[in-house]
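Structure file run_0.cif (mmCIF, C-alpha atoms) is printed below.
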```
data_coords
#
loop_
_atom_site.label_atom_id
_atom_site.label_comp_id
_atom_site.auth_asym_id
_atom_site.auth_seq_id
_atom_site.Cartn_x
_atom_site.Cartn_y
_atom_site.Cartn_z
CA MET A 268 2.88 24.32 -67.83
CA LEU A 269 2.91 20.77 -69.13
CA LEU A 270 6.32 20.14 -67.62
CA LYS A 271 5.09 21.31 -64.25
CA ARG A 272 2.10 19.04 -64.55
CA VAL A 273 4.32 16.07 -65.37
CA MET A 274 6.44 16.86 -62.35
CA LEU A 275 3.37 17.00 -60.11
CA GLY A 276 2.25 13.70 -61.63
CA VAL A 277 5.55 12.01 -60.86
CA LEU A 278 5.52 13.43 -57.33
CA GLY A 279 1.94 12.34 -56.71
CA CYS A 280 2.59 8.83 -57.98
CA SER A 281 5.65 8.32 -55.80
CA PHE A 282 3.84 9.74 -52.74
CA GLY A 283 1.07 7.23 -53.34
CA LEU A 284 3.44 4.29 -53.79
CA MET A 285 5.37 5.11 -50.64
CA THR A 286 2.25 5.71 -48.54
CA ALA A 287 0.90 2.35 -49.67
CA GLY A 288 4.13 0.69 -48.63
CA GLY A 289 4.29 2.44 -45.27
CA VAL A 290 0.68 2.12 -44.21
CA PHE A 291 0.42 -1.54 -45.20
CA THR A 292 3.66 -2.63 -43.65
CA VAL A 293 2.34 -1.35 -40.32
CA LEU A 294 -1.02 -3.06 -40.77
CA LEU A 295 0.72 -6.27 -41.72
CA ALA A 296 3.29 -6.19 -38.94
CA VAL A 297 0.42 -6.11 -36.47
CA GLY A 298 -1.04 -9.16 -38.22
CA LEU A 299 -4.66 -8.31 -37.65
CA ILE A 300 -6.33 -9.92 -40.63
CA PRO A 301 -4.58 -13.29 -40.21
CA ARG A 302 -5.95 -13.30 -36.69
CA PHE A 303 -9.48 -12.63 -37.80
CA ALA A 304 -9.13 -15.32 -40.45
CA GLY A 305 -7.64 -17.71 -37.91
CA LYS A 306 -10.34 -17.06 -35.32
CA THR A 307 -13.13 -17.66 -37.81
CA HIS A 308 -11.33 -20.62 -39.45
CA THR A 309 -11.56 -19.02 -42.86
CA GLY A 310 -7.87 -19.00 -43.72
CA ASN A 311 -8.62 -20.19 -47.24
CA ARG A 312 -10.37 -16.88 -47.94
CA VAL A 313 -7.32 -14.70 -47.37
CA MET A 314 -7.34 -13.55 -51.00
CA LEU A 315 -10.84 -12.14 -50.56
CA TYR A 316 -9.79 -10.30 -47.43
CA GLU A 317 -6.82 -8.80 -49.21
CA THR A 318 -9.05 -7.68 -52.04
CA MET A 319 -11.32 -6.04 -49.49
CA VAL A 320 -8.31 -4.32 -47.92
CA ILE A 321 -7.37 -2.94 -51.34
CA LEU A 322 -10.91 -1.81 -52.12
CA GLY A 323 -11.37 -0.35 -48.65
CA THR A 324 -8.18 1.68 -48.94
CA LEU A 325 -9.14 3.01 -52.34
CA THR A 326 -12.62 3.95 -51.12
CA GLY A 327 -11.19 5.70 -48.10
CA ASP A 328 -8.62 7.42 -50.32
CA ILE A 329 -11.22 8.71 -52.74
CA LEU A 330 -13.52 9.86 -49.94
CA SER A 331 -10.79 11.76 -48.11
CA VAL A 332 -8.50 13.07 -50.86
CA PHE A 333 -11.32 14.26 -53.12
CA GLU A 334 -13.35 15.34 -50.11
CA PRO A 335 -15.00 18.46 -51.58
CA TYR A 336 -16.13 16.49 -54.64
CA THR A 337 -17.38 13.30 -53.01
CA HIS A 338 -20.25 14.44 -50.84
CA LEU A 339 -22.31 11.33 -51.46
CA GLY A 340 -25.53 12.77 -50.07
CA THR A 341 -25.47 15.86 -52.29
CA LEU A 342 -24.49 13.74 -55.30
CA MET A 343 -27.23 11.16 -54.73
CA VAL A 344 -29.99 13.69 -54.15
CA GLY A 345 -28.73 15.59 -57.18
CA ALA A 346 -28.97 12.40 -59.24
CA GLY A 347 -32.65 12.07 -58.37
CA VAL A 348 -32.62 9.78 -55.35
CA PRO A 349 -35.41 10.87 -52.99
CA GLU A 350 -33.98 12.58 -49.95
CA SER A 351 -36.00 10.53 -47.46
CA LEU A 352 -34.71 7.29 -49.01
CA TRP A 353 -31.12 8.48 -48.95
CA ARG A 354 -31.53 9.43 -45.28
CA ILE A 355 -32.13 5.75 -44.47
CA ALA A 356 -29.47 4.43 -46.84
CA GLY A 357 -26.94 6.94 -45.57
CA GLU A 358 -27.70 6.02 -42.00
CA ALA A 359 -27.19 2.35 -42.87
CA ILE A 360 -23.84 3.07 -44.54
CA LEU A 361 -22.70 5.12 -41.56
CA LEU A 362 -23.79 2.38 -39.19
CA CYS A 363 -21.75 -0.21 -41.11
CA TYR A 364 -18.79 2.12 -41.29
CA GLY A 365 -18.95 2.86 -37.56
CA VAL A 366 -19.36 -0.71 -36.35
CA PHE A 367 -16.77 -2.34 -38.57
CA SER A 368 -14.13 0.37 -38.43
CA GLY A 369 -14.64 0.42 -34.65
CA ILE A 370 -13.96 -3.31 -34.43
CA PHE A 371 -10.91 -2.91 -36.63
CA ILE A 372 -9.43 -0.01 -34.68
CA GLY A 373 -10.19 -1.64 -31.34
CA SER A 374 -8.35 -4.77 -32.40
CA LEU A 375 -5.54 -2.69 -33.88
CA ALA A 376 -5.04 -0.81 -30.63
CA MET A 377 -4.86 -4.03 -28.63
CA ALA A 378 -2.69 -5.74 -31.23
CA ILE A 379 -0.16 -2.93 -31.11
CA ALA A 380 -0.11 -3.05 -27.32
CA GLU A 381 0.45 -6.78 -27.55
CA MET A 382 3.11 -6.47 -30.24
CA LEU A 383 5.04 -4.06 -28.04
CA ASP A 384 4.69 -6.64 -25.28
CA SER A 385 3.29 -4.07 -22.90
CA ILE A 386 0.59 -6.38 -21.56
CA PRO A 387 2.82 -9.45 -21.03
CA ILE A 388 5.55 -7.34 -19.41
CA PHE A 389 3.08 -5.57 -17.14
CA ALA A 390 1.45 -8.86 -16.19
CA ARG A 391 4.84 -10.32 -15.32
CA ARG A 392 6.03 -7.34 -13.31
CA ILE A 393 3.05 -7.24 -11.01
CA GLY A 394 3.02 -11.00 -10.69
CA PHE A 395 -0.26 -11.44 -12.45
CA ARG A 396 -1.50 -15.00 -12.42
CA HIS A 397 -5.28 -15.01 -12.62
CA GLY A 398 -7.94 -12.63 -13.76
CA LEU A 399 -6.45 -11.70 -17.10
CA GLY A 400 -9.96 -12.00 -18.52
CA VAL A 401 -11.22 -9.35 -16.10
CA ALA A 402 -8.32 -7.08 -16.99
CA VAL A 403 -9.05 -7.40 -20.68
CA LEU A 404 -12.74 -6.70 -20.12
CA ALA A 405 -11.82 -3.66 -18.04
CA MET A 406 -9.58 -2.44 -20.84
CA ALA A 407 -12.36 -2.83 -23.37
CA LEU A 408 -14.84 -0.97 -21.18
CA GLY A 409 -12.26 1.71 -20.50
CA LYS A 410 -11.67 2.23 -24.21
CA MET A 411 -15.40 2.45 -24.80
CA ALA A 412 -15.98 4.90 -21.95
CA GLY A 413 -13.04 7.01 -23.10
CA SER A 414 -14.26 7.09 -26.66
CA LEU A 415 -17.82 8.03 -25.68
CA TYR A 416 -16.59 10.72 -23.28
CA TYR A 417 -14.28 12.12 -25.96
CA PHE A 418 -17.12 12.55 -28.42
CA TYR A 419 -19.67 13.65 -25.82
CA GLU A 420 -17.43 16.41 -24.50
CA ARG A 421 -16.37 17.30 -28.05
CA MET A 422 -12.74 17.13 -27.06
CA TYR A 423 -11.67 17.02 -30.70
CA LEU A 424 -12.47 20.73 -30.84
CA PHE A 425 -9.60 21.66 -28.55
CA GLY A 426 -7.24 18.90 -29.54
CA GLY A 427 -3.94 19.76 -31.01
CA MET B 150 20.12 -60.67 -36.61
CA GLU B 151 20.51 -57.42 -38.51
CA ASN B 152 19.60 -54.22 -36.83
CA LYS B 153 16.36 -52.70 -38.06
CA VAL B 154 15.95 -48.94 -38.26
CA ILE B 155 12.70 -46.99 -38.41
CA TYR B 156 12.81 -43.41 -39.59
CA ILE B 157 9.97 -41.16 -38.49
CA LYS B 158 9.26 -37.59 -39.48
CA PRO B 159 6.53 -36.28 -37.17
CA ASN B 160 4.60 -33.15 -38.12
CA ARG B 161 4.39 -30.11 -35.92
CA ASN B 162 0.64 -30.02 -36.22
CA ALA B 163 -1.69 -32.86 -37.18
CA GLU B 164 -5.44 -32.84 -37.61
CA VAL B 165 -7.25 -36.13 -37.24
CA GLY B 166 -10.85 -37.00 -38.04
CA ALA B 167 -11.33 -39.96 -35.74
CA PRO B 168 -10.64 -40.36 -32.01
CA ASP B 169 -8.09 -43.11 -32.67
CA VAL B 170 -4.78 -41.61 -33.70
CA PHE B 171 -2.32 -43.79 -35.58
CA LEU B 172 1.31 -43.05 -36.26
CA LYS B 173 0.65 -42.52 -39.97
CA ASP B 174 -1.73 -39.66 -39.09
CA ILE B 175 0.96 -37.61 -37.41
CA ALA B 176 4.21 -38.69 -39.05
CA SER B 177 5.80 -39.98 -42.23
CA VAL B 178 7.35 -43.37 -41.61
CA THR B 179 9.89 -45.49 -43.42
CA SER B 180 12.21 -48.27 -42.38
CA THR B 181 14.66 -50.87 -43.57
CA ASP B 182 11.96 -53.51 -43.43
CA GLU B 183 8.67 -53.23 -45.32
CA HIS B 184 6.78 -55.37 -42.92
CA LEU B 185 7.99 -53.28 -40.04
CA THR B 186 6.97 -50.05 -41.83
CA ALA B 187 3.41 -51.29 -42.21
CA LYS B 188 3.29 -52.32 -38.59
CA ALA B 189 4.69 -48.99 -37.45
CA LYS B 190 2.23 -46.97 -39.54
CA ALA B 191 -0.71 -48.78 -37.97
CA LEU B 192 0.61 -48.22 -34.46
CA LYS B 193 -1.98 -46.54 -32.28
CA VAL B 194 -0.33 -43.63 -30.51
CA TYR B 195 -3.22 -41.88 -28.84
CA GLN B 196 -6.95 -42.03 -28.29
CA PHE B 197 -9.24 -39.07 -27.69
CA ARG B 198 -11.87 -39.81 -25.12
CA GLU B 199 -15.43 -38.55 -25.05
CA GLY B 200 -15.81 -35.22 -23.25
CA GLN B 201 -12.06 -34.67 -23.19
CA GLU B 202 -10.16 -31.77 -24.68
CA LYS B 203 -10.02 -32.00 -28.44
CA ARG B 204 -6.36 -31.20 -28.42
CA ALA B 205 -3.32 -33.11 -27.25
CA VAL B 206 0.41 -32.58 -27.30
CA ILE B 207 2.52 -35.68 -27.69
CA SER B 208 6.23 -35.76 -27.11
CA ASN B 209 7.95 -37.71 -29.80
CA LEU B 210 10.00 -39.52 -27.24
CA LYS B 211 6.74 -41.28 -26.54
CA LEU B 212 6.56 -42.32 -30.20
CA ILE B 213 10.07 -43.73 -30.00
CA GLU B 214 9.16 -45.63 -26.87
CA LEU B 215 6.07 -47.10 -28.51
CA LEU B 216 7.98 -48.04 -31.65
CA GLN B 217 10.68 -49.76 -29.70
CA GLY B 218 7.99 -51.81 -28.05
CA LEU B 219 7.00 -53.15 -31.48
CA GLU B 220 9.99 -55.33 -32.02
CA LYS B 221 13.09 -56.14 -30.10
CA GLY B 222 16.29 -54.34 -30.98
CA VAL B 223 14.77 -51.80 -33.33
CA THR B 224 16.38 -48.38 -33.68
CA VAL B 225 14.20 -45.31 -34.18
CA GLU B 226 15.53 -42.22 -35.91
CA ASN B 227 13.54 -39.02 -35.63
CA VAL B 228 14.14 -36.62 -38.52
CA GLY B 229 11.16 -34.37 -37.83
CA GLU B 230 9.70 -32.33 -34.98
CA LEU B 231 10.17 -33.03 -31.28
CA ASP B 232 6.58 -32.42 -30.23
CA THR B 233 3.37 -32.87 -32.14
CA LEU B 234 0.11 -31.07 -31.61
CA ILE B 235 -2.84 -33.32 -32.42
CA LYS B 236 -6.22 -31.75 -33.04
CA LEU B 237 -9.43 -33.66 -33.32
CA VAL B 238 -11.64 -32.09 -35.98
CA LYS B 239 -15.03 -33.06 -37.27
CA VAL B 240 -14.39 -34.32 -40.78
CA PRO B 241 -17.37 -33.17 -42.81
CA GLU B 242 -16.80 -29.49 -42.11
CA LYS B 243 -20.09 -27.96 -43.10
CA LYS B 244 -19.89 -25.14 -45.59
CA GLY B 245 -23.00 -23.73 -44.03
CA LEU B 246 -24.46 -20.29 -43.60
CA LEU B 247 -22.36 -19.67 -40.52
CA VAL B 248 -19.10 -19.90 -42.45
CA TRP B 249 -20.46 -17.46 -45.01
CA CYS B 250 -21.51 -15.05 -42.29
CA LYS B 251 -18.02 -15.20 -40.80
CA VAL B 252 -16.41 -14.57 -44.19
CA VAL B 253 -18.68 -11.59 -44.84
CA PHE B 254 -18.00 -10.29 -41.33
CA VAL B 255 -14.22 -10.39 -41.72
CA ALA B 256 -14.46 -8.99 -45.24
CA LEU B 257 -16.49 -6.03 -43.97
CA ILE B 258 -14.02 -5.38 -41.16
CA SER B 259 -11.17 -5.46 -43.67
CA PHE B 260 -13.00 -3.06 -45.95
CA PHE B 261 -14.27 -0.45 -43.51
CA GLY B 262 -11.30 -0.77 -41.19
CA THR B 263 -8.76 0.05 -43.86
CA ALA B 264 -11.02 2.74 -45.33
CA PHE B 265 -11.06 4.39 -41.93
CA THR B 266 -7.32 3.91 -41.43
CA ILE B 267 -6.38 5.64 -44.66
CA MET B 268 -8.90 8.46 -44.05
CA ALA B 269 -7.56 9.00 -40.56
CA PHE B 270 -4.02 8.97 -41.94
CA HIS B 271 -4.92 11.60 -44.52
CA ASN B 272 -6.56 13.65 -41.81
CA ASP B 273 -3.51 13.30 -39.56
CA VAL B 274 -1.03 14.48 -42.15
CA GLY B 275 -3.43 17.17 -43.38
CA ILE B 276 -3.24 16.00 -46.95
CA HIS B 277 -5.33 18.87 -48.35
CA ASP B 278 -2.95 21.35 -46.84
CA VAL B 279 0.18 19.55 -48.04
CA PHE B 280 -1.13 19.02 -51.57
CA GLY B 281 -2.56 22.53 -51.75
CA ARG B 282 0.76 24.13 -50.83
CA LEU B 283 2.79 21.87 -53.09
CA TYR B 284 0.47 22.61 -55.99
CA GLU B 285 0.82 26.32 -55.41
CA GLN B 286 4.61 26.05 -55.17
CA VAL B 287 4.87 24.21 -58.45
CA MET B 288 2.10 25.78 -60.50
CA GLY B 289 2.03 29.29 -59.02
CA VAL B 290 -1.76 29.28 -58.78
CA SER B 291 -3.87 28.06 -55.92
CA SER B 292 -5.27 24.53 -55.95
CA ASN B 293 -8.95 23.71 -56.30
CA GLY B 294 -8.51 20.38 -54.50
CA PHE B 295 -8.88 18.23 -57.61
CA THR B 296 -5.58 18.36 -59.49
CA THR B 297 -2.96 16.16 -61.11
CA LEU B 298 -1.46 15.67 -57.68
CA GLU B 299 -4.56 14.15 -56.10
CA VAL B 300 -5.31 11.95 -59.11
CA THR B 301 -1.80 10.58 -59.48
CA TYR B 302 -1.51 10.11 -55.72
CA SER B 303 -4.58 7.91 -55.71
CA LEU B 304 -3.26 6.05 -58.74
CA GLY B 305 0.07 5.52 -57.03
CA LEU B 306 -1.68 4.28 -53.90
CA ALA B 307 -3.65 1.76 -55.95
CA ILE B 308 -0.54 0.51 -57.76
CA GLY B 309 1.41 0.37 -54.52
CA ILE B 310 -1.01 -1.80 -52.60
CA THR B 311 -1.67 -4.02 -55.60
CA ILE B 312 2.05 -4.70 -55.93
CA PHE B 313 2.31 -5.13 -52.18
CA PHE B 314 -0.47 -7.67 -51.95
CA ASN B 315 0.59 -9.26 -55.20
CA HIS B 316 -2.80 -9.89 -56.73
CA ILE B 317 -5.62 -8.27 -58.64
CA GLY B 318 -8.90 -9.83 -57.56
CA GLY B 319 -8.18 -13.56 -57.52
CA ARG B 320 -5.24 -13.43 -59.94
CA ARG B 321 -1.72 -13.49 -58.61
CA ILE B 322 0.81 -11.24 -60.28
CA THR B 323 3.77 -13.47 -59.39
CA ALA B 324 3.76 -17.00 -57.99
CA ASP B 325 4.84 -15.87 -54.51
CA PRO B 326 2.40 -16.19 -51.64
CA THR B 327 0.75 -12.91 -50.67
CA PRO B 328 1.94 -11.15 -47.49
CA ILE B 329 -1.19 -12.04 -45.56
CA GLU B 330 -0.81 -15.70 -46.53
CA VAL B 331 2.73 -15.61 -45.15
CA GLU B 332 1.55 -13.82 -42.00
CA MET B 333 -1.22 -16.40 -41.62
CA ARG B 334 1.33 -19.26 -41.52
CA VAL B 335 3.52 -17.35 -39.08
CA TYR B 336 0.50 -16.80 -36.84
CA GLU B 337 -0.50 -20.49 -36.98
CA LYS B 338 3.04 -21.51 -36.14
CA ASP B 339 3.10 -19.14 -33.16
CA VAL B 340 -0.20 -20.55 -31.92
CA ASP B 341 1.10 -24.13 -32.24
CA ASP B 342 4.30 -23.24 -30.40
CA THR B 343 2.31 -21.62 -27.61
CA LEU B 344 -0.01 -24.60 -27.23
CA ILE B 345 2.91 -27.03 -27.15
CA GLU B 346 4.82 -24.98 -24.61
CA THR B 347 1.75 -24.45 -22.44
CA ALA B 348 1.08 -28.19 -22.42
CA GLU B 349 4.68 -28.78 -21.43
CA ARG B 350 4.54 -26.25 -18.62
CA GLU B 351 1.31 -27.66 -17.28
CA GLY B 352 2.69 -31.17 -17.53
CA LYS B 353 -0.01 -32.26 -19.93
CA THR B 354 2.37 -33.44 -22.64
CA ILE B 355 2.05 -37.15 -23.33
CA ASP B 356 5.60 -38.20 -22.68
CA ALA B 357 7.61 -41.37 -22.47
CA SER B 358 7.18 -43.00 -19.11
#
```

Any chance you could put this one into structure tokens?
Amino acid sequence: MLLKRVMLGVLGCSFGLMTAGGVFTVLLAVGLIPRFAGKTHTGNRVMLYETMVILGTLTGDILSVFEPYTHLGTLMVGAGVPESLWRIAGEAILLCYGVFSGIFIGSLAMAIAEMLDSIPIFARRIGFRHGLGVAVLAMALGKMAGSLYYFYERMYLFGG
Amino acid sequence: MENKVIYIKPNRNAEVGAPDVFLKDIASVTSTDEHLTAKAKALKVYQFREGQEKRAVISNLKLIELLQGLEKGVTVENVGELDTLIKLVKVPEKKGLLVWCKVVFVALISFFGTAFTIMAFHNDVGIHDVFGRLYEQVMGVSSNGFTTLEVTYSLGLAIGITIFFNHIGGRRITADPTPIEVEMRVYEKDVDDTLIETAEREGKTIDAS
């Protein structure tokens, strides 16, 4: 029994190490956080951003891997936090989560498209000279409309 | 008369605080003659005008031309970059509330963004299913979702990203720069290259006449 446990431990640890390597190489190759830091002229704070990346990953990991045991609402109400108060706090947390992860994923999607050169190649092929701003705005609105439609129609129910 | 040589090493990217740009602001200078070095360093190479773009690209051929105008028969050797991007920045950069807001904003994006990414990844690969089956295969009993596997996986993930990013909090593990610091420099370099090439294409580079 102990031996089996040790084996599971070794497996789990190496899975974790490799996932960390894989997931972060992709994030890094896209170079999203340097861009944010560059745009806001806060390049000297890169260490803080990296720490937040580490903390964010661990939070996400704990919330998703230990999913049945980390139902924050049930835990908080169980610990004596009034339910009405937690309603507001929970809503605030969800709002933060939604807005900021949305910004991140939106940028990630565009950054990947840019990294694969799909936009520059397309623009060149059709002889695009002006109106790139309009195209980008259209893309943003398209993404938003698509996302809203997806959730409104509950398409995730029949996704594969 | 002996031949005098000036060596200049222009930077790729120079930030200046005042509208008058001197050679010493954008390049390291040395020469065979001390007097000449001083004169060269104080050579005015560019002036930003009011209401003009706060950015200029100067071809270093222009620098050579200007330097040769200093004294007759002087040779200029360039050991640095071929073009220099000059940016006019306000010197007392205020560490105001706005900067803090930006830092918090980016920090929050980094936090929630990566939290979402890893959750979505776990959802994609169906981690409960994978771990549940593996646990059953090894242990022979069904998993309750909170086992050695989940705990060590999370531990491994933490160790992995800490090694990857090379620091715990503000403390570096080794003296190397962290990956995002490297990526930051790469990004800045790309931006500089783009600005220089755009200026060239639009004919805005300040070049030798």

Neighbouring residues of stretch 300-302 of chain B were defined as those with any atom within 12 Å, considering all atoms listed in the file; residues of the same chain fewer than 6 positions away were excluded. Please report them as a ChimeraX atom specification.
/A:272-287,325,328-329,332-333 /B:271,276,280,294,308-309

Exercise. Find the residues around A:Phe371 up to 12 Å (only C-alpha atoms counted), leave out those fewer than 2 positions away in its own chain, and share them as a PyMOL selection string.
Key: (chain A and resi 294+297-300+302-303+320+364-369+373-378) or (chain B and resi 254-266)

Residues matched by the PyMOL selection byres ((chain B and resi 227-242) around 9), written as an mmCIF file with C-alpha atoms, keeping the file's coordinate frame:
```cif
data_model
loop_
_atom_site.group_PDB
_atom_site.id
_atom_site.type_symbol
_atom_site.label_atom_id
_atom_site.label_comp_id
_atom_site.auth_asym_id
_atom_site.auth_seq_id
_atom_site.Cartn_x
_atom_site.Cartn_y
_atom_site.Cartn_z
ATOM 1 C CA ILE B 155 12.700 -46.990 -38.410
ATOM 2 C CA TYR B 156 12.810 -43.410 -39.590
ATOM 3 C CA ILE B 157 9.970 -41.160 -38.490
ATOM 4 C CA LYS B 158 9.260 -37.590 -39.480
ATOM 5 C CA PRO B 159 6.530 -36.280 -37.170
ATOM 6 C CA ASN B 160 4.600 -33.150 -38.120
ATOM 7 C CA ARG B 161 4.390 -30.110 -35.920
ATOM 8 C CA ASN B 162 0.640 -30.020 -36.220
ATOM 9 C CA ALA B 163 -1.690 -32.860 -37.180
ATOM 10 C CA GLU B 164 -5.440 -32.840 -37.610
ATOM 11 C CA VAL B 165 -7.250 -36.130 -37.240
ATOM 12 C CA GLY B 166 -10.850 -37.000 -38.040
ATOM 13 C CA ALA B 167 -11.330 -39.960 -35.740
ATOM 14 C CA PRO B 168 -10.640 -40.360 -32.010
ATOM 15 C CA VAL B 170 -4.780 -41.610 -33.700
ATOM 16 C CA ILE B 175 0.960 -37.610 -37.410
ATOM 17 C CA ALA B 176 4.210 -38.690 -39.050
ATOM 18 C CA SER B 177 5.800 -39.980 -42.230
ATOM 19 C CA PHE B 197 -9.240 -39.070 -27.690
ATOM 20 C CA GLU B 202 -10.160 -31.770 -24.680
ATOM 21 C CA LYS B 203 -10.020 -32.000 -28.440
ATOM 22 C CA ARG B 204 -6.360 -31.200 -28.420
ATOM 23 C CA ALA B 205 -3.320 -33.110 -27.250
ATOM 24 C CA VAL B 206 0.410 -32.580 -27.300
ATOM 25 C CA ILE B 207 2.520 -35.680 -27.690
ATOM 26 C CA SER B 208 6.230 -35.760 -27.110
ATOM 27 C CA ASN B 209 7.950 -37.710 -29.800
ATOM 28 C CA LEU B 210 10.000 -39.520 -27.240
ATOM 29 C CA ILE B 213 10.070 -43.730 -30.000
ATOM 30 C CA VAL B 225 14.200 -45.310 -34.180
ATOM 31 C CA GLU B 226 15.530 -42.220 -35.910
ATOM 32 C CA LYS B 243 -20.090 -27.960 -43.100
ATOM 33 C CA LYS B 244 -19.890 -25.140 -45.590
ATOM 34 C CA GLY B 245 -23.000 -23.730 -44.030
ATOM 35 C CA ASP B 341 1.100 -24.130 -32.240
ATOM 36 C CA ASP B 342 4.300 -23.240 -30.400
ATOM 37 C CA LEU B 344 -0.010 -24.600 -27.230
ATOM 38 C CA ILE B 345 2.910 -27.030 -27.150
ATOM 39 C CA THR B 354 2.370 -33.440 -22.640
#
```

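Proximity of A:Val344, A:Ile355, A:Ala407, A:Ile360 to chain B, computed with all atoms listed in the file, is greatest for A:Ile360.
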
If you count all atoms listed in the file, the residue of B:Ile312, B:Ile322, B:Val331, B:Met268 closest to chain A turns out to be B:Met268

TODO: May I ask for the distance between atom CA of B:Gly318 and atom CA of A:Leu322, given in Å to one decimal place?
DONE: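 Separation of atom CA of B:Gly318 and atom CA of A:Leu322: 9.9 Å.
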
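Counting from atom CA of A:Ala412, the distance to atom CA of A:Ile393 is 25.1 Å.
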
Here atom CA of A:Thr318 and atom CA of B:Asp273 stand apart by 25.0 Å

| task | Find the residues near B:Leu219: any atom within 9 Å, counting all atoms listed in the file, skip ones fewer than 6 places away on the same chain, and give them as a PyMOL selection string. | result | chain B and resi 185+188-189+192

Chain and number of each residue from the PyMOL selection byres ((chain B and resi 282-291) around 9), as an MDAnalysis selection string: (chainID A and resid 268 271:272 274:275) or (chainID B and resid 277:281 292:293 296:298)

Please, what is the axis-aligned box for every listed atom of stretch 360-369 of chain A with 4 Å on each side, as centre and edge lengths in Å to one decimal, as JSON?
```
{"center_x": -19.0, "center_y": 1.4, "center_z": -39.6, "size_x": 17.7, "size_y": 15.5, "size_z": 17.9}
```

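Compared by their closest atoms to chain A, and using only C-alpha atoms, the residues B:Leu304, B:Ala357, B:Val340, B:Ala187 rank with B:Leu304 nearest.
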
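Nearest-residue note for chain A: choosing from B:Glu346, B:Phe313, B:Asp325, B:Asp169, the minimum distance belongs to B:Phe313, counting all atoms listed in the file.
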